[in-house]
Amino acid sequence: MHLPPPDATRSPRTGYTREHWEAAADALIAAVEPYATDDRALYHFPGTRGSWSGRLSDGLEGYARTLLLAAFRRDETALERYATGLEAGVSGVWPRIEDRSQPLVEAASIALALRLTRPLLWDRLDDGVRQRAAAWLGEALTAEPWPCNWELFPVTVGGFLASVGHEQETSRKAIDRGLERIEEWYVGDGWYSDGPGRAFDYYNGWAMHLYPVLHAWLADDPDLLSLYGGRLKAHLADYARLFGGDGAPLHQGRSLTYRFATTAPLWLGALTGHTPLLPGETRRLASGALKYFLERDAVDERGLLTLGWHGPDASVLQGYSGPASPYWASKGFLGLLLPPDHPVWTAREEPGPAERQTAVTPVTGPNWLLQSTSSDGLVRLHNHGSEDARYDPYYTRLAYSTVTRPLISPPDNSVTVGGDPHREGIDPIGVGKGWAASRHTLSSGAEITSLVVAEGAVEVRAHLVAGAAPGTAVLVTGWAATECGNERADLVGVYGLTGDSRLSGVMGDGPTVFVALARLTAERDPLPLAELVSVEVRRATDREGHDAHDLTVHWSTGSPQHFRFGVTVPDERSATSAWSVAPR
């Protein structure tokens, strides 16, 4: 991909300006054109992998997702081609939109593109084509979505159809129904779960916030925009911390092949005026992510986005991933809707959170602890509240980062008791200044209560295991080795654990505590962990006379932190007691 020379004056950190974004969009649009069918209704990209939805649906996906890119770019020449494809698609080429079918997803991209470019595309179509297109899209209004971000696809289609006067009542019902459903999954502080449960990931930004905020903005509904825009602003205060100093987004969650779609909520905040970020910081974070992937083989020799993270990589794919799936990254070009003279394009780049200062930040909604170090730009996410076991290992590990990826075997950042490394049914205990905690129960009935305490690049990881027989083996792992770069991973047992990169211990009589020190860093010659922190564990008794375990963390830089592992009292939600942990 040929991009303009870097602009070190306006963009001293990435070199990227609006011209780079335009050039990247133009190159991606040009590269997909040869793969359109003769009628331009489908785009079939090369490769042997197809999604579970089949070739026809995959071809529609290729059309819809690249149309969205052309819409953000406002490329009139390309939009003419897509208009031709639209006429053929709605005349019998495209599959019907049925309950929980992939065409429902793609209908949302088509509808959003049509709404954004109405004078350039929709208004220029023959009336008959518009009627057929509205009828095809109209099936999305009553199609049953999966209970997750899919609820917003009928909202997006309904918003467009209502704007052109098609099926107003049905469109309004679809909008209201979808917006009502996502209220069930809003956990506060700008965070949604992607459906029932606690699935926290990038779908927060590129779906759960993107569609409602864009709908409110396009509908010119100030009350709705105030609601959803306010949530977006709160979300971005945390979200900006998910990007490393090298531009990399955290490697966590599903659909990672969408890559720089992670930048969409950053642009969305600037577009709608609902962001806590400075304009130069928004562009720095977004351009950093785009540059990160373009420099790491996200685009192949044909100019096509590959199925993977850096280059092709099947390990980050899901069953729904097809040849055109990576073009969900088109959402990353949302910023091109902002005019060239907008401050987000004209301001000098500002450093992102990971570059400005070393920080340990609790994130209440998902019960995460974010740990970043400005000396090396690394970001680490300590996960004590997100899970979606269907897509492991990308949800249930104890930690993720911007420079590592989870391993299958042996599992990284895990606790294994009696040979069982699974972590499901995560019960978030809480987060606070420098700490996060959770518990989960294994199929054997053993209960693991986990605590992380962090400062700088150093982590104290403590686990209390209850309900396992004396002598049961316990294994603790830390960060996986990085693929490249200068990062190093340290893991040292300090209580109940011995070994090197994989620590081991055994259960005693009754609940047993295991403590390790961990670190992921790119600093040269870091001090030994033992010189930075020490840990004291002792048996205690709480006020009710229950056994407890007190843990004190002594940092070399300041005051100690005190925590207690103790038994919780049963309440109306649970008939049995359980172990918990809290500061004291």
# chains A, B, ... in the order shown; residues from 1 in each chain; ligands from 1

$ closest_atom_pairs --of "range 230-308 of chain A" --to "range 184-191 of chain A" --cutoff "8 Å" --atoms "only C-alpha atoms" --output "tab-separated table"
residue	atom	partner	partner_atom	distance
A:Gly230	CA	A:Gly190	CA	8.0
A:Arg231	CA	A:Gly190	CA	4.5
A:Leu232	CA	A:Gly190	CA	6.0
A:Lys233	CA	A:Gly190	CA	7.3
A:Ala234	CA	A:Gly190	CA	4.9
A:His235	CA	A:Gly190	CA	4.1
A:Leu236	CA	A:Gly190	CA	7.9

$ residues_around --residues "Glu447 in chain A" --least-positions-apart "2" --cutoff "7 Å" --atoms "only C-alpha atoms" --output "JSON, numbers by chain"
{"A": [440, 441, 442, 445, 449, 465, 466, 467]}

$ residues_around --residues "range 350-362 of chain A" --least-positions-apart "6" --cutoff "7 Å" --atoms "only C-alpha atoms" --output "PyMOL selection string"
chain A and resi 240-241+244-245+280-281+284-285+368-374+377+379+431-434+454-456

$ residues_around --residues "Leu532 in chain A" --least-positions-apart "5" --cutoff "10 Å" --atoms "only C-alpha atoms" --output "PyMOL selection string"
chain A and resi 455-456+458+526-527+554-557

$ closest_residue --among "A:Asp194, A:Thr14, A:Phe153, A:Ser501" --to "Glu295 in chain A" --atoms "only C-alpha atoms"
A:Thr14

$ closest_residue --among "A:Trp267, A:Tyr82, A:Tyr400, A:Tyr320" --to "Leu242 in chain A" --atoms "only C-alpha atoms"
A:Tyr400
